[in-house]
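Novice: I am sharing data-v7.txt, which consists of compact mmCIF, C-alpha atoms:
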# COMPACT_ATOMS: atom_id res chain seq x y z
CA MET A 1316 -70.21 -8.68 0.98
CA SER A 1317 -68.75 -11.60 2.86
CA SER A 1318 -69.30 -13.38 6.14
CA VAL A 1319 -67.67 -15.48 8.79
CA ARG A 1320 -69.54 -18.14 10.78
CA ASN A 1321 -68.91 -20.09 13.95
CA ASP A 1322 -70.86 -21.53 16.88
CA ALA A 1323 -69.85 -19.05 19.56
CA LEU A 1324 -71.50 -15.92 20.95
CA ILE A 1325 -70.97 -14.26 17.58
CA SER A 1326 -72.18 -16.47 14.78
CA ALA A 1327 -71.39 -14.21 11.81
CA VAL A 1328 -69.55 -11.08 10.76
CA HIS A 1329 -70.45 -9.29 7.54
CA VAL A 1330 -69.15 -6.26 5.69
CA ALA A 1331 -71.58 -4.18 3.65
CA SER A 1332 -71.04 -1.05 1.59
CA THR A 1333 -73.00 2.20 1.76
CA GLY A 1334 -71.22 3.62 -1.25
CA SER A 1335 -67.65 4.56 -2.01
CA ALA A 1336 -65.40 7.57 -2.13
CA ALA A 1337 -62.16 8.68 -3.64
CA GLN A 1338 -59.63 10.25 -1.29
CA HIS A 1339 -56.32 11.88 -2.03
CA LYS A 1340 -53.21 9.72 -1.82
CA GLU A 1341 -51.83 12.25 0.69
CA HIS A 1342 -54.94 11.85 2.82
CA ARG A 1343 -54.57 8.09 2.96
CA ASN A 1344 -50.79 7.73 3.19
CA GLY A 1345 -49.80 10.96 4.90
CA SER A 1346 -47.83 13.90 3.56
CA ARG A 1347 -45.26 16.44 4.69
CA LEU A 1348 -47.36 19.11 3.00
CA PRO A 1349 -49.98 20.99 5.03
CA SER A 1350 -53.40 19.42 4.54
CA LEU A 1351 -54.78 22.63 3.02
CA VAL A 1352 -52.14 22.45 0.28
CA TRP A 1353 -52.70 18.86 -0.79
CA ALA A 1354 -56.47 19.15 -0.44
CA LEU A 1355 -56.50 21.97 -2.99
CA THR A 1356 -53.74 20.83 -5.33
CA SER A 1357 -53.45 17.04 -5.32
CA GLN A 1358 -54.64 15.22 -8.41
CA SER A 1359 -53.95 11.73 -7.04
CA TRP A 1360 -57.09 9.88 -5.96
CA ILE A 1361 -57.62 6.44 -4.41
CA LYS A 1362 -61.02 4.76 -4.44
CA VAL A 1363 -62.16 3.45 -1.05
CA PRO A 1364 -65.32 1.76 0.24
CA ILE A 1365 -67.62 3.20 2.90
CA ASN A 1366 -67.89 0.00 4.92
CA VAL A 1367 -70.29 -1.02 7.67
CA TYR A 1368 -69.58 -4.12 9.75
CA VAL A 1369 -72.47 -6.28 10.92
CA PHE A 1370 -72.21 -8.77 13.80
CA VAL A 1371 -74.73 -11.48 14.57
CA HIS A 1372 -74.47 -11.84 18.33
CA ARG A 1373 -76.50 -14.29 20.37
CA ASP A 1374 -78.29 -11.32 21.98
CA GLY A 1375 -78.98 -9.38 18.80
CA LEU A 1376 -77.56 -7.61 15.77
CA VAL A 1377 -74.75 -5.10 16.29
CA LEU A 1378 -73.19 -2.64 13.86
CA PHE A 1379 -69.78 -1.00 13.82
CA ASP A 1380 -70.45 2.37 12.14
CA THR A 1381 -73.48 3.13 9.97
CA GLY A 1382 -71.99 4.51 6.75
CA LEU A 1383 -73.21 7.29 4.50
CA ASP A 1384 -76.63 8.89 4.29
CA ALA A 1385 -77.68 8.66 0.64
CA ALA A 1386 -79.18 12.15 0.94
CA ILE A 1387 -75.69 13.65 0.94
CA GLY A 1388 -75.54 12.77 -2.75
CA THR A 1389 -78.94 14.17 -3.67
CA ASN A 1390 -79.54 17.14 -1.35
CA PRO A 1391 -77.30 20.11 -2.28
CA GLY A 1392 -77.97 21.64 1.15
CA TYR A 1393 -77.13 18.54 3.18
CA VAL A 1394 -73.97 20.31 4.34
CA SER A 1395 -75.35 23.70 5.32
CA ASN A 1396 -72.06 25.60 5.67
CA PRO A 1397 -70.89 26.61 2.16
CA ILE A 1398 -67.19 26.74 3.10
CA VAL A 1399 -67.33 23.25 4.63
CA ARG A 1400 -69.26 22.05 1.57
CA PHE A 1401 -66.50 23.47 -0.67
CA PHE A 1402 -63.74 21.60 1.20
CA LEU A 1403 -65.77 18.40 1.54
CA HIS A 1404 -65.93 18.04 -2.23
CA ARG A 1405 -62.18 18.59 -2.49
CA LEU A 1406 -61.38 15.98 0.12
CA PHE A 1407 -63.82 13.32 -1.08
CA ARG A 1408 -65.51 12.27 -4.29
CA LEU A 1409 -68.55 10.43 -3.00
CA ARG A 1410 -70.36 7.74 -5.01
CA ILE A 1411 -73.59 6.21 -3.70
CA GLY A 1412 -75.22 3.77 -6.07
CA PRO A 1413 -78.85 2.65 -6.15
CA GLY A 1414 -79.53 0.33 -3.26
CA GLU A 1415 -76.41 1.33 -1.31
CA THR A 1416 -78.28 2.55 1.76
CA LEU A 1417 -77.70 0.89 5.12
CA GLY A 1418 -81.20 -0.56 5.09
CA ALA A 1419 -80.73 -2.06 1.63
CA GLY A 1420 -77.39 -3.53 2.62
CA LEU A 1421 -78.88 -5.16 5.69
CA LYS A 1422 -81.81 -6.50 3.66
CA ALA A 1423 -79.41 -8.05 1.15
CA LEU A 1424 -77.78 -9.89 4.06
CA GLY A 1425 -81.18 -11.15 5.24
CA TYR A 1426 -81.65 -8.72 8.13
CA ALA A 1427 -84.00 -5.83 8.84
CA ALA A 1428 -82.83 -2.40 9.94
CA ARG A 1429 -85.44 -2.40 12.72
CA ASP A 1430 -83.74 -5.44 14.25
CA ILE A 1431 -80.39 -3.72 14.92
CA ARG A 1432 -79.92 -3.73 18.69
CA LYS A 1433 -76.78 -1.63 19.01
CA ALA A 1434 -74.58 0.47 16.74
CA ILE A 1435 -71.05 1.33 17.75
CA ILE A 1436 -69.97 4.70 16.31
CA SER A 1437 -66.21 4.80 15.92
CA HIS A 1438 -66.39 8.60 15.60
CA LEU A 1439 -68.90 11.22 14.53
CA HIS A 1440 -67.77 12.05 10.99
CA PHE A 1441 -70.59 12.14 8.46
CA ASP A 1442 -69.56 8.93 6.67
CA HIS A 1443 -69.81 6.91 9.90
CA VAL A 1444 -73.15 8.19 11.27
CA GLY A 1445 -75.13 8.54 8.04
CA GLY A 1446 -77.32 5.49 8.63
CA ILE A 1447 -78.51 6.23 12.17
CA GLY A 1448 -81.88 7.45 10.93
CA GLU A 1449 -82.53 4.02 9.40
CA ILE A 1450 -82.09 2.09 12.67
CA PRO A 1451 -84.56 3.74 15.08
CA ASN A 1452 -84.56 0.84 17.54
CA ALA A 1453 -80.81 0.75 18.01
CA GLU A 1454 -78.88 2.05 20.97
CA LEU A 1455 -76.12 4.28 19.56
CA LEU A 1456 -72.85 3.99 21.49
CA VAL A 1457 -70.28 6.78 21.25
CA SER A 1458 -67.41 7.73 23.53
CA ALA A 1459 -68.08 10.63 25.88
CA ASP A 1460 -64.92 12.33 24.58
CA GLU A 1461 -66.25 12.15 21.04
CA TRP A 1462 -69.69 13.44 22.04
CA ARG A 1463 -68.09 16.56 23.50
CA THR A 1464 -67.13 17.50 19.94
CA LEU A 1465 -70.75 18.52 19.39
CA SER A 1466 -70.52 21.32 21.94
CA ALA A 1467 -67.14 22.60 20.73
CA PRO A 1468 -67.07 25.70 18.49
CA HIS A 1469 -67.95 24.95 14.87
CA PRO A 1470 -67.95 21.12 14.84
CA GLU A 1471 -69.03 21.27 11.19
CA ARG A 1472 -65.51 22.44 10.32
CA LYS A 1473 -64.35 19.00 11.41
CA PHE A 1474 -67.07 17.33 9.29
CA VAL A 1475 -69.26 16.64 12.33
CA PHE A 1476 -72.78 17.75 11.37
CA CYS A 1477 -74.94 18.15 14.48
CA GLU A 1478 -78.21 18.34 12.57
CA HIS A 1479 -77.61 14.84 11.16
CA ILE A 1480 -76.53 13.41 14.53
CA GLU A 1481 -78.94 14.82 17.11
CA LEU A 1482 -81.99 13.34 15.41
CA PRO A 1483 -85.35 13.22 17.19
CA GLY A 1484 -85.71 9.86 18.91
CA ALA A 1485 -82.09 8.82 18.36
CA ARG A 1486 -81.02 6.65 21.31
CA TRP A 1487 -77.52 7.93 21.95
CA ARG A 1488 -75.52 6.62 24.91
CA GLN A 1489 -72.19 8.10 25.85
CA ILE A 1490 -69.73 5.56 27.19
CA GLU A 1491 -66.81 5.91 29.55
CA PHE A 1492 -63.97 3.40 29.74
CA SER A 1493 -63.53 1.29 32.85
CA PRO A 1494 -60.01 0.87 34.28
CA THR A 1495 -58.64 -2.65 33.90
CA ASP A 1496 -55.67 -4.73 35.03
CA ASP A 1497 -56.01 -7.02 32.00
CA PRO A 1498 -52.60 -6.81 30.27
CA LEU A 1499 -54.35 -6.81 26.89
CA PHE A 1500 -56.20 -3.60 27.63
CA ALA A 1501 -54.32 -1.79 30.40
CA PRO A 1502 -52.11 0.15 27.94
CA PHE A 1503 -55.24 1.76 26.47
CA GLY A 1504 -56.22 3.16 29.87
CA GLY A 1505 -59.61 1.46 29.96
CA ARG A 1506 -62.15 -0.60 28.08
CA HIS A 1507 -65.90 -1.00 27.64
CA ASP A 1508 -67.53 -4.43 27.29
CA VAL A 1509 -70.33 -3.91 24.77
CA MET A 1510 -72.33 -7.10 25.40
CA GLY A 1511 -71.06 -7.96 28.89
CA ASP A 1512 -69.49 -11.23 27.77
CA GLY A 1513 -66.06 -10.18 26.48
CA SER A 1514 -66.88 -10.85 22.84
CA MET A 1515 -66.89 -7.17 21.87
CA VAL A 1516 -64.59 -4.78 23.72
CA LEU A 1517 -64.29 -1.08 22.92
CA LEU A 1518 -60.94 0.65 23.35
CA PRO A 1519 -60.09 4.36 23.16
CA THR A 1520 -57.86 5.02 20.14
CA PRO A 1521 -57.76 8.80 19.71
CA GLY A 1522 -55.92 10.50 16.91
CA HIS A 1523 -58.22 10.70 13.93
CA THR A 1524 -60.61 12.48 16.30
CA PRO A 1525 -60.23 13.02 20.06
CA GLY A 1526 -62.82 10.39 20.94
CA SER A 1527 -62.29 7.71 18.28
CA VAL A 1528 -62.74 4.11 19.41
CA SER A 1529 -61.79 0.67 18.12
CA MET A 1530 -63.50 -2.65 18.86
CA LEU A 1531 -61.84 -5.99 19.53
CA VAL A 1532 -64.04 -8.94 18.58
CA ARG A 1533 -63.17 -12.42 19.85
CA ALA A 1534 -65.03 -15.66 19.29
CA ASN A 1535 -64.18 -19.33 18.89
CA ASN A 1536 -62.70 -20.74 15.70
CA TRP A 1537 -61.42 -17.52 14.12
CA PRO A 1538 -58.69 -15.05 15.02
CA PRO A 1539 -59.26 -11.84 16.97
CA LEU A 1540 -60.55 -8.99 14.82
CA LEU A 1541 -59.84 -5.34 15.62
CA PHE A 1542 -62.13 -2.82 13.93
CA VAL A 1543 -60.36 0.55 14.01
CA GLY A 1544 -62.59 3.00 12.15
CA ASP A 1545 -60.36 5.67 10.60
CA LEU A 1546 -57.42 5.27 12.98
CA THR A 1547 -55.68 4.04 9.84
CA TYR A 1548 -56.77 3.20 6.31
CA GLU A 1549 -54.64 0.07 5.95
CA GLU A 1550 -53.10 -2.30 8.48
CA ALA A 1551 -49.67 -1.96 6.86
CA LEU A 1552 -49.68 1.82 7.39
CA LEU A 1553 -50.34 1.38 11.10
CA MET A 1554 -47.73 -1.34 11.49
CA ASN A 1555 -45.18 0.92 9.73
CA ASP A 1556 -46.10 3.86 12.01
CA GLN A 1557 -47.27 5.90 9.03
CA PRO A 1558 -50.15 8.20 10.06
CA PRO A 1559 -52.64 9.55 7.53
CA GLY A 1560 -52.76 13.13 6.34
CA THR A 1561 -55.41 14.25 8.81
CA GLY A 1562 -55.76 14.01 12.57
CA ASP A 1563 -53.36 14.58 15.46
CA PRO A 1564 -50.02 12.92 14.54
CA ALA A 1565 -48.85 12.49 18.14
CA GLN A 1566 -52.13 10.93 19.24
CA LEU A 1567 -52.22 8.74 16.15
CA ARG A 1568 -48.74 7.38 16.80
CA SER A 1569 -49.58 6.79 20.46
CA SER A 1570 -52.68 4.80 19.47
CA PHE A 1571 -50.71 3.00 16.75
CA ALA A 1572 -48.18 1.86 19.36
CA LYS A 1573 -50.94 0.54 21.62
CA VAL A 1574 -52.52 -1.38 18.76
CA ARG A 1575 -49.16 -2.85 17.78
CA GLY A 1576 -48.69 -3.88 21.41
CA LEU A 1577 -52.09 -5.59 21.33
CA LYS A 1578 -51.13 -7.41 18.14
CA ALA A 1579 -47.87 -8.54 19.76
CA ARG A 1580 -49.97 -10.24 22.44
CA LEU A 1581 -52.51 -11.50 19.89
CA PRO A 1582 -50.31 -12.30 16.85
CA GLU A 1583 -53.17 -13.66 14.76
CA MET A 1584 -55.24 -10.49 15.23
CA MET A 1585 -56.52 -8.93 12.01
CA ILE A 1586 -56.89 -5.14 11.81
CA LEU A 1587 -59.88 -3.91 9.81
CA PRO A 1588 -60.21 -0.17 9.03
CA THR A 1589 -63.55 1.15 7.84
CA HIS A 1590 -62.19 2.28 4.45
CA ASP A 1591 -60.10 -0.82 3.78
CA ASN A 1592 -60.36 -2.05 0.19
CA SER A 1593 -59.35 -5.56 1.31
CA ALA A 1594 -61.81 -5.92 4.21
CA ALA A 1595 -64.25 -8.16 2.36
CA ASP A 1596 -61.42 -10.40 1.16
CA THR A 1597 -59.93 -10.52 4.66
CA LEU A 1598 -63.17 -11.72 6.20
CA ALA A 1599 -63.65 -14.19 3.36
CA THR A 1600 -60.40 -15.91 4.33
CA LEU A 1601 -61.78 -16.87 7.74
CA THR A 1602 -63.24 -20.36 7.69
CA LEU A 1603 -64.22 -23.01 10.18
CA PRO A 1604 -61.46 -25.43 11.18
Go through the file and emit its structure as structure tokens.
Specialist:
Amino acid sequence: MSSVRNDALISAVHVASTGSAAQHKEHRNGSRLPSLVWALTSQSWIKVPINVYVFVHRDGLVLFDTGLDAAIGTNPGYVSNPIVRFFLHRLFRLRIGPGETLGAGLKALGYAARDIRKAIISHLHFDHVGGIGEIPNAELLVSADEWRTLSAPHPERKFVFCEHIELPGARWRQIEFSPTDDPLFAPFGGRHDVMGDGSMVLLPTPGHTPGSVSMLVRANNWPPLLFVGDLTYEEALLMNDQPPGTGDPAQLRSSFAKVRGLKARLPEMMILPTHDNSAADTLATLTLP
């Protein structure tokens, strides 16, 4: 875990882990092989963290993603569809250690899960929504395009598990993106200001899923930070226009180009994927002037 501090609207950014996984090299770096082939045959695995980002905003605590639910490692029936369960274990080797729940991670940082005001969900895959049951007071923000996945046929085949998303009492809010003339955001077709002060701006970045979002965070004294979920797994892959092994390649490349355009306007911007092994080190490099 590491943090960044300043005296602006956002006083700290932390990264916490809710476990780790191993994914195939072809999954992370892309492959010319069909995904079914490498998922069943590849023996090359890369360990990755299941990160959650925590922001201390003047108006309350905000999360970007909520990580894994520890029950997925202990409940054999957590994934109810046996075919999906079969493929899940061939795509990911999940590891959740003692104390790697979202609540424990927040406690280690000095915060309480009940104090989370908002949680931004980059997309609805199980390893990004697993902690929503631990933050009952939080408003859960998801793009309207992503939410429509729940009513599509067989969302579980895309690792979207409705029974672990539509929890009783969960405070979901679907967001739409407002048109903007701001040259930073116009190429994305819209934006959503999370806190109403410009410090956290959501942008549509489809490709990994149809409704995936990224969040640009700007505050005094440190460079802009773009949290991209699973749009890419490493900044270098995005900058080299190298999509991962899953998702819609055309949409991914379109979103990649928009993010590269944003970085051209904000050269110091750091790109932080959710499963980035270097995320903690990246945040640790940010210091007060």
Novice: Could you check the closest approach to Leu1355 in chain A for each of A:Leu1403, A:Val1371, A:Ala1386, A:Met1584 and tell me which residue wins, using all atoms listed in the file?
Specialist: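 Closest candidate: A:Leu1403.
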Novice: For Gly1334 in chain A, which residue out of A:Arg1506, A:Arg1410, A:Lys1473, A:Lys1573 is the nearest one, using all atoms listed in the file?
Specialist: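 Answer, going by the shortest atom-to-atom distance: A:Arg1410.
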Novice: With a distance cut-off of 9 Å and all atoms listed in the file, select the neighbouring residues of Met1515 in chain A, excluding the residue or stretch itself and same-chain residues fewer than 2 positions from it, and output the selection as a ChimeraX atom specification.
Specialist: /A:1507-1513,1517,1530-1533
Novice: Choose the residue, out of A:Val1328, A:Arg1400, A:Arg1343, A:Ile1586, that has the smallest atom-to-atom separation from Leu1541 in chain A; count only C-alpha atoms.
Specialist: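 Looking only at the distances to Leu1541 in chain A, the closest residue turns out to be A:Ile1586.
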Novice: Skip Pro1364 in chain A itself and residues of its chain fewer than 3 positions away, then list as a PyMOL selection string all residues within 12 Å of it, counting only C-alpha atoms.
Specialist: chain A and resi 1316+1330-1338+1361+1367-1368+1382-1383+1407-1412+1415+1442-1443+1548+1588-1595
Novice: Please determine, counting all atoms listed in the file, which residue among A:Val1399, A:Lys1422, A:Asp1384, A:Thr1464 has the shortest atom-to-atom distance to His1479 in chain A.
Specialist: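 Nearest candidate to His1479 in chain A out of A:Val1399, A:Lys1422, A:Asp1384, A:Thr1464: A:Asp1384.
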Novice: Using all atoms listed in the file, can you tell me which of A:Asn1452, A:Asn1396, A:Thr1520, A:Ser1466 comes closest to Arg1429 in chain A?
Specialist: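 Closest candidate: A:Asn1452.
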Novice: Work out how far apart CA of Thr1389 in chain A and CA of Phe1441 in chain A are and give it in Å to one decimal.
Specialist: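 Value for the CA of Thr1389 in chain A-CA of Phe1441 in chain A distance: 14.9 Å.
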Novice: Copy range 1525-1548 of chain A out of the block into a file, keeping N, CA and C atoms, as a PDB file, in the first residue's frame.
Specialist:
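Written file, result25.pdb:
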ATOM      1  N   PRO A1525     -18.657  -3.243 -22.897  1.00  0.00           N
ATOM      2  CA  PRO A1525     -19.294  -2.135 -23.617  1.00  0.00           C
ATOM      3  C   PRO A1525     -19.435  -0.856 -22.797  1.00  0.00           C
ATOM      4  N   GLY A1526     -19.511  -0.978 -21.474  1.00  0.00           N
ATOM      5  CA  GLY A1526     -19.739   0.200 -20.656  1.00  0.00           C
ATOM      6  C   GLY A1526     -18.602   0.546 -19.719  1.00  0.00           C
ATOM      7  N   SER A1527     -17.400   0.091 -20.012  1.00  0.00           N
ATOM      8  CA  SER A1527     -16.252   0.381 -19.143  1.00  0.00           C
ATOM      9  C   SER A1527     -15.975   1.886 -19.077  1.00  0.00           C
ATOM     10  N   VAL A1528     -15.549   2.341 -17.890  1.00  0.00           N
ATOM     11  CA  VAL A1528     -15.218   3.745 -17.705  1.00  0.00           C
ATOM     12  C   VAL A1528     -13.824   3.881 -17.107  1.00  0.00           C
ATOM     13  N   SER A1529     -13.235   5.051 -17.342  1.00  0.00           N
ATOM     14  CA  SER A1529     -11.979   5.445 -16.706  1.00  0.00           C
ATOM     15  C   SER A1529     -12.229   6.720 -15.919  1.00  0.00           C
ATOM     16  N   MET A1530     -11.323   7.050 -14.992  1.00  0.00           N
ATOM     17  CA  MET A1530     -11.496   8.247 -14.177  1.00  0.00           C
ATOM     18  C   MET A1530     -10.208   9.064 -14.147  1.00  0.00           C
ATOM     19  N   LEU A1531     -10.330  10.318 -14.551  1.00  0.00           N
ATOM     20  CA  LEU A1531      -9.210  11.259 -14.486  1.00  0.00           C
ATOM     21  C   LEU A1531      -9.279  12.001 -13.162  1.00  0.00           C
ATOM     22  N   VAL A1532      -8.190  11.948 -12.413  1.00  0.00           N
ATOM     23  CA  VAL A1532      -8.091  12.610 -11.116  1.00  0.00           C
ATOM     24  C   VAL A1532      -7.041  13.707 -11.221  1.00  0.00           C
ATOM     25  N   ARG A1533      -7.446  14.932 -10.851  1.00  0.00           N
ATOM     26  CA  ARG A1533      -6.530  16.072 -10.899  1.00  0.00           C
ATOM     27  C   ARG A1533      -6.600  16.843  -9.596  1.00  0.00           C
ATOM     28  N   ALA A1534      -5.439  17.121  -9.043  1.00  0.00           N
ATOM     29  CA  ALA A1534      -5.333  17.923  -7.830  1.00  0.00           C
ATOM     30  C   ALA A1534      -3.982  18.618  -7.844  1.00  0.00           C
ATOM     31  N   ASN A1535      -3.833  19.599  -6.992  1.00  0.00           N
ATOM     32  CA  ASN A1535      -2.596  20.382  -6.954  1.00  0.00           C
ATOM     33  C   ASN A1535      -1.420  19.520  -6.523  1.00  0.00           C
ATOM     34  N   ASN A1536      -0.254  19.876  -7.055  1.00  0.00           N
ATOM     35  CA  ASN A1536       1.032  19.356  -6.579  1.00  0.00           C
ATOM     36  C   ASN A1536       1.431  17.984  -7.114  1.00  0.00           C
ATOM     37  N   TRP A1537       0.527  17.259  -7.786  1.00  0.00           N
ATOM     38  CA  TRP A1537       0.928  16.016  -8.418  1.00  0.00           C
ATOM     39  C   TRP A1537       0.283  15.897  -9.780  1.00  0.00           C
ATOM     40  N   PRO A1538       0.863  15.082 -10.653  1.00  0.00           N
ATOM     41  CA  PRO A1538       0.390  15.026 -12.034  1.00  0.00           C
ATOM     42  C   PRO A1538      -0.997  14.412 -12.142  1.00  0.00           C
ATOM     43  N   PRO A1539      -1.675  14.635 -13.273  1.00  0.00           N
ATOM     44  CA  PRO A1539      -2.964  13.967 -13.484  1.00  0.00           C
ATOM     45  C   PRO A1539      -2.804  12.451 -13.439  1.00  0.00           C
ATOM     46  N   LEU A1540      -3.820  11.791 -12.914  1.00  0.00           N
ATOM     47  CA  LEU A1540      -3.817  10.335 -12.799  1.00  0.00           C
ATOM     48  C   LEU A1540      -5.051   9.803 -13.517  1.00  0.00           C
ATOM     49  N   LEU A1541      -4.865   8.868 -14.417  1.00  0.00           N
ATOM     50  CA  LEU A1541      -5.992   8.267 -15.126  1.00  0.00           C
ATOM     51  C   LEU A1541      -6.113   6.802 -14.726  1.00  0.00           C
ATOM     52  N   PHE A1542      -7.208   6.472 -14.059  1.00  0.00           N
ATOM     53  CA  PHE A1542      -7.487   5.115 -13.613  1.00  0.00           C
ATOM     54  C   PHE A1542      -8.364   4.446 -14.661  1.00  0.00           C
ATOM     55  N   VAL A1543      -7.862   3.370 -15.274  1.00  0.00           N
ATOM     56  CA  VAL A1543      -8.492   2.842 -16.487  1.00  0.00           C
ATOM     57  C   VAL A1543      -9.125   1.470 -16.315  1.00  0.00           C
ATOM     58  N   GLY A1544      -9.212   0.949 -15.094  1.00  0.00           N
ATOM     59  CA  GLY A1544      -9.802  -0.372 -14.930  1.00  0.00           C
ATOM     60  C   GLY A1544      -9.037  -1.408 -15.724  1.00  0.00           C
ATOM     61  N   ASP A1545      -9.760  -2.171 -16.562  1.00  0.00           N
ATOM     62  CA  ASP A1545      -9.129  -3.214 -17.372  1.00  0.00           C
ATOM     63  C   ASP A1545      -9.045  -2.820 -18.844  1.00  0.00           C
ATOM     64  N   LEU A1546      -9.120  -1.529 -19.137  1.00  0.00           N
ATOM     65  CA  LEU A1546      -8.923  -1.101 -20.521  1.00  0.00           C
ATOM     66  C   LEU A1546      -7.590  -1.633 -21.035  1.00  0.00           C
ATOM     67  N   THR A1547      -6.588  -1.604 -20.188  1.00  0.00           N
ATOM     68  CA  THR A1547      -5.300  -2.215 -20.454  1.00  0.00           C
ATOM     69  C   THR A1547      -4.771  -2.750 -19.138  1.00  0.00           C
ATOM     70  N   TYR A1548      -3.714  -3.559 -19.216  1.00  0.00           N
ATOM     71  CA  TYR A1548      -3.107  -4.077 -17.992  1.00  0.00           C
ATOM     72  C   TYR A1548      -1.781  -3.403 -17.673  1.00  0.00           C
TER      73      TYR A1548
END
